[in-house]
$ cat entry_17.txt   # compact mmCIF, C-alpha atoms
# COMPACT_ATOMS: atom_id res chain seq x y z
CA MET A 856 -21.38 37.02 15.66
CA ALA A 857 -21.10 33.24 15.28
CA LYS A 858 -17.63 31.79 15.16
CA LEU A 859 -16.92 29.52 12.20
CA VAL A 860 -14.79 26.47 12.85
CA LEU A 861 -13.02 24.53 10.14
CA ASP A 862 -13.97 20.86 10.41
CA MET A 863 -10.62 19.14 9.81
CA SER A 864 -12.10 15.66 10.31
CA ALA A 865 -14.51 16.14 7.39
CA MET A 866 -11.69 17.47 5.19
CA HIS A 867 -9.50 14.57 6.30
CA ASP A 868 -12.18 12.01 5.43
CA ASP A 869 -12.88 13.57 2.02
CA PHE A 870 -9.20 13.82 1.13
CA PHE A 871 -8.17 10.30 2.20
CA ASP A 872 -11.43 8.43 1.48
CA GLU A 873 -10.40 7.13 -1.95
CA ALA A 874 -6.64 7.20 -1.42
CA ALA A 875 -3.69 4.93 -0.83
CA MET A 876 -0.14 5.85 0.13
CA ILE A 877 3.27 4.51 -0.78
CA GLY A 878 6.33 5.47 1.26
CA ILE A 879 9.53 5.78 -0.77
CA VAL A 880 13.18 5.79 0.26
CA THR A 881 15.64 7.23 -2.25
CA ALA A 882 18.61 9.58 -2.20
CA LEU A 883 17.34 11.37 -5.32
CA PRO A 884 16.29 15.02 -5.10
CA GLY A 885 12.64 15.70 -5.94
CA TYR A 886 13.15 16.95 -9.50
CA GLN A 887 15.25 13.91 -10.38
CA LEU A 888 12.80 11.45 -8.81
CA CYS A 889 9.93 13.08 -10.73
CA TRP A 890 11.88 12.85 -13.98
CA LEU A 891 12.51 9.16 -13.29
CA LEU A 892 8.87 8.46 -12.36
CA ASN A 893 7.60 10.45 -15.34
CA ARG A 894 9.70 8.35 -17.71
CA HIS A 895 8.98 5.02 -16.00
CA PHE A 896 5.21 5.46 -15.59
CA GLU A 897 4.61 7.76 -18.59
CA ILE A 898 3.11 10.47 -16.41
CA GLU A 899 3.93 14.14 -15.83
CA PHE A 900 4.54 15.08 -12.21
CA THR A 901 4.90 18.85 -11.96
CA ARG A 902 5.59 21.16 -9.05
CA GLU A 903 3.92 24.45 -8.30
CA PRO A 904 5.91 26.14 -5.51
CA ASP A 905 2.80 27.92 -4.19
CA GLN A 906 1.40 24.45 -3.35
CA ASP A 907 4.37 23.60 -1.10
CA ILE A 908 3.43 22.88 2.49
CA PRO A 909 4.80 25.51 4.89
CA LEU A 910 5.30 24.33 8.44
CA GLN A 911 6.50 26.22 11.48
CA ARG A 912 8.04 24.35 14.38
CA LYS A 913 9.47 26.37 17.25
CA ASP A 914 11.32 29.29 15.63
CA ASN A 915 12.02 27.55 12.32
CA LYS A 916 10.05 27.57 9.07
CA TYR A 917 10.10 24.58 6.76
CA HIS A 918 8.83 24.00 3.24
CA PHE A 919 7.88 20.62 1.83
CA PRO A 920 7.49 20.44 -1.97
CA ILE A 921 4.52 18.67 -3.54
CA TYR A 922 4.55 17.30 -7.07
CA GLN A 923 1.21 16.60 -8.72
CA TYR A 924 -0.13 14.72 -11.70
CA ASN A 925 -3.80 14.78 -12.70
CA LEU A 926 -4.81 11.72 -14.70
CA PRO A 927 -6.31 12.83 -18.04
CA ASN A 928 -10.10 12.94 -18.40
CA SER A 929 -10.77 12.10 -14.75
CA THR A 930 -10.77 13.51 -11.24
CA HIS A 931 -8.02 11.07 -10.24
CA LYS A 932 -4.63 12.35 -9.26
CA TYR A 933 -1.24 11.47 -7.86
CA LEU A 934 0.53 13.61 -5.28
CA LEU A 935 4.19 13.14 -4.42
CA TYR A 936 5.28 14.74 -1.14
CA LYS A 937 8.88 15.38 -0.16
CA LEU A 938 8.81 14.35 3.48
CA LYS A 939 11.94 16.14 4.71
CA ASP A 940 13.26 19.66 4.77
CA GLY A 941 16.82 19.13 5.89
CA LYS A 942 16.39 16.77 8.80
CA GLU A 943 12.91 18.00 9.72
CA PRO A 944 10.14 15.52 8.80
CA LEU A 945 6.71 16.53 7.50
CA LEU A 946 5.23 13.44 9.18
CA PRO A 947 7.17 12.58 12.35
CA GLU A 948 5.97 8.97 12.20
CA THR A 949 7.69 8.48 8.81
CA LYS A 950 11.18 9.80 9.63
CA GLN A 951 12.85 6.98 7.68
CA LEU A 952 10.97 7.80 4.45
CA ASP A 953 11.99 10.43 1.89
CA TYR A 954 8.79 10.70 -0.17
CA LEU A 955 5.14 9.76 0.02
CA TRP A 956 3.14 8.98 -3.14
CA LEU A 957 -0.56 9.58 -2.49
CA ILE A 958 -2.84 7.86 -4.99
CA GLN A 959 -6.38 9.20 -5.37
CA THR A 960 -8.18 6.97 -7.87
CA ALA A 961 -11.28 4.78 -8.12
CA SER A 962 -9.26 1.74 -6.99
CA PRO A 963 -6.41 3.22 -4.94
CA GLU A 964 -5.38 0.02 -3.12
CA THR A 965 -5.07 -1.97 -6.36
CA ASP A 966 -3.23 0.90 -8.06
CA ALA A 967 -0.88 1.26 -5.07
CA LEU A 968 0.01 -2.44 -5.19
CA SER A 969 0.97 -2.30 -8.85
CA ILE A 970 2.84 1.03 -8.51
CA ALA A 971 4.76 -0.20 -5.44
CA ALA A 972 5.73 -3.39 -7.30
CA GLU A 973 7.01 -1.28 -10.22
CA LEU A 974 8.89 1.09 -7.92
CA LYS A 975 10.81 -1.86 -6.47
CA ASN A 976 12.21 -2.50 -9.98
CA ILE A 977 13.79 0.97 -10.19
CA PRO A 978 17.45 0.78 -9.06
CA ASP A 979 17.53 4.29 -7.50
CA ILE A 980 14.66 3.44 -5.15
CA GLN A 981 15.75 1.57 -2.04
CA LEU A 982 12.27 1.02 -0.60
CA ALA A 983 8.64 1.32 -1.68
CA GLN A 984 6.03 0.24 0.84
CA ILE A 985 2.31 0.74 1.16
CA LEU A 986 1.37 2.73 4.25
CA ALA A 987 -1.78 2.34 6.32
CA SER A 988 -3.43 5.71 6.93
CA GLU A 989 -4.81 4.49 10.27
CA GLN A 990 -1.24 4.33 11.63
CA MET A 991 -0.45 7.91 10.64
CA LYS A 992 -1.07 10.56 13.28
CA SER A 993 -0.01 13.64 11.27
CA LEU A 994 -1.97 13.12 8.05
CA ASN A 995 -3.53 16.58 8.32
CA ASN A 996 -0.10 17.90 7.31
CA LEU A 997 -0.75 16.43 3.83
CA LEU A 998 -4.01 18.27 3.18
CA VAL A 999 -3.70 20.53 0.16

$ encode --input "entry_17.txt" --output "structure tokens"
Amino acid sequence: MAKLVLDMSAMHDDFFDEAAMIGIVTALPGYQLCWLLNRHFEIEFTREPDQDIPLQRKDNKYHFPIYQYNLPNSTHKYLLYKLKDGKEPLLPETKQLDYLWLIQTASPETDALSIAAELKNIPDIQLAQILASEQMKSLNNLLV
């Protein structure tokens, strides 16, 4: 019987092909940040706990919530990842960040620039910076 192998590189390319990422630093818990973003950007981030990313490292299990918003009448969407469970990071290369906003639209880089600029105007957000996917080694952890 032939063994089937999941091609993570193809999934990775499909998922991040039309995407941009913004790293966010804030002390706000996820539900409060979503409420703030929903009001500021007139969107509706929602969380479905079964979409959370489970991760096992050594003998410990971690869960990283994902909040999602699908733009109406399109295939475009926003994903907001909580990057820490306690002190454990989802992406080890982003230990200083609290959240990652993944933008999957027709013009993700342009959208990311305008969203990051707006985020910098929100007092509860200490940092909003665009991240280069090429510098991220653990991006497969974001695949949903």

$ closest_atom_pairs --input "entry_17.txt" --of "segment 937-997 of chain A" --to "segment 872-880 of chain A" --cutoff "9 Å" --atoms "all atoms listed in the file" --output "CSV"
residue,atom,partner,partner_atom,distance
A:Thr949,CA,A:Gly878,CA,8.2
A:Gln951,CA,A:Val880,CA,7.5
A:Leu952,CA,A:Val880,CA,5.1
A:Asp953,CA,A:Val880,CA,5.1
A:Tyr954,CA,A:Ile879,CA,5.0
A:Leu955,CA,A:Gly878,CA,4.6
A:Trp956,CA,A:Ile877,CA,5.1
A:Leu957,CA,A:Met876,CA,4.6
A:Ile958,CA,A:Ala875,CA,5.2
A:Gln959,CA,A:Ala874,CA,4.4
A:Thr960,CA,A:Glu873,CA,6.3
A:Ala961,CA,A:Glu873,CA,6.7
A:Ser962,CA,A:Glu873,CA,7.5
A:Pro963,CA,A:Ala875,CA,5.2
A:Glu964,CA,A:Ala875,CA,5.7
A:Thr965,CA,A:Ala875,CA,8.9
A:Asp966,CA,A:Ala875,CA,8.3
A:Ala967,CA,A:Ala875,CA,6.3
A:Leu968,CA,A:Ile877,CA,8.9
A:Ile970,CA,A:Ile877,CA,8.5
A:Ala971,CA,A:Ile877,CA,6.8
A:Leu974,CA,A:Ile879,CA,8.6
A:Ile980,CA,A:Val880,CA,6.1
A:Gln981,CA,A:Val880,CA,5.5
A:Leu982,CA,A:Val880,CA,4.9
A:Ala983,CA,A:Ile879,CA,4.6
A:Gln984,CA,A:Gly878,CA,5.3
A:Ile985,CA,A:Ile877,CA,4.3
A:Leu986,CA,A:Met876,CA,5.4
A:Ala987,CA,A:Met876,CA,7.3
A:Ser988,CA,A:Met876,CA,7.6

$ write_last_selection --input "entry_17.txt" --atoms "C-alpha atoms" --output "compact mmCIF listing (two decimals), in the coordinates of the input"
# COMPACT_ATOMS: atom_id res chain seq x y z
CA THR A 949 7.69 8.48 8.81
CA GLN A 951 12.85 6.98 7.68
CA LEU A 952 10.97 7.80 4.45
CA ASP A 953 11.99 10.43 1.89
CA TYR A 954 8.79 10.70 -0.17
CA LEU A 955 5.14 9.76 0.02
CA TRP A 956 3.14 8.98 -3.14
CA LEU A 957 -0.56 9.58 -2.49
CA ILE A 958 -2.84 7.86 -4.99
CA GLN A 959 -6.38 9.20 -5.37
CA THR A 960 -8.18 6.97 -7.87
CA ALA A 961 -11.28 4.78 -8.12
CA SER A 962 -9.26 1.74 -6.99
CA PRO A 963 -6.41 3.22 -4.94
CA GLU A 964 -5.38 0.02 -3.12
CA THR A 965 -5.07 -1.97 -6.36
CA ASP A 966 -3.23 0.90 -8.06
CA ALA A 967 -0.88 1.26 -5.07
CA LEU A 968 0.01 -2.44 -5.19
CA ILE A 970 2.84 1.03 -8.51
CA ALA A 971 4.76 -0.20 -5.44
CA LEU A 974 8.89 1.09 -7.92
CA ILE A 980 14.66 3.44 -5.15
CA GLN A 981 15.75 1.57 -2.04
CA LEU A 982 12.27 1.02 -0.60
CA ALA A 983 8.64 1.32 -1.68
CA GLN A 984 6.03 0.24 0.84
CA ILE A 985 2.31 0.74 1.16
CA LEU A 986 1.37 2.73 4.25
CA ALA A 987 -1.78 2.34 6.32
CA SER A 988 -3.43 5.71 6.93

$ atom_distance --input "entry_17.txt" --atom1 "atom CA of Phe900 of chain A" --atom2 "atom CA of Tyr917 of chain A"
21.9 Å

$ closest_residue --input "entry_17.txt" --among "A:Lys975, A:His918, A:Lys913, A:Lys992" --to "Pro947 of chain A" --atoms "all atoms listed in the file"
A:Lys992

$ atom_distance --input "entry_17.txt" --atom1 "atom CA of Leu946 of chain A" --atom2 "atom CA of Asn915 of chain A"
16.0 Å

$ atom_distance --input "entry_17.txt" --atom1 "atom CA of Asp905 of chain A" --atom2 "atom CA of Leu935 of chain A"
14.8 Å

$ closest_residue --input "entry_17.txt" --among "A:Ile898, A:Ile908, A:Ile977, A:Leu926" --to "Leu938 of chain A" --atoms "all atoms listed in the file"
A:Ile908

$ closest_residue --input "entry_17.txt" --among "A:Lys950, A:Arg894, A:Lys932, A:Lys937" --to "Asp907 of chain A" --atoms "all atoms listed in the file"
A:Lys937
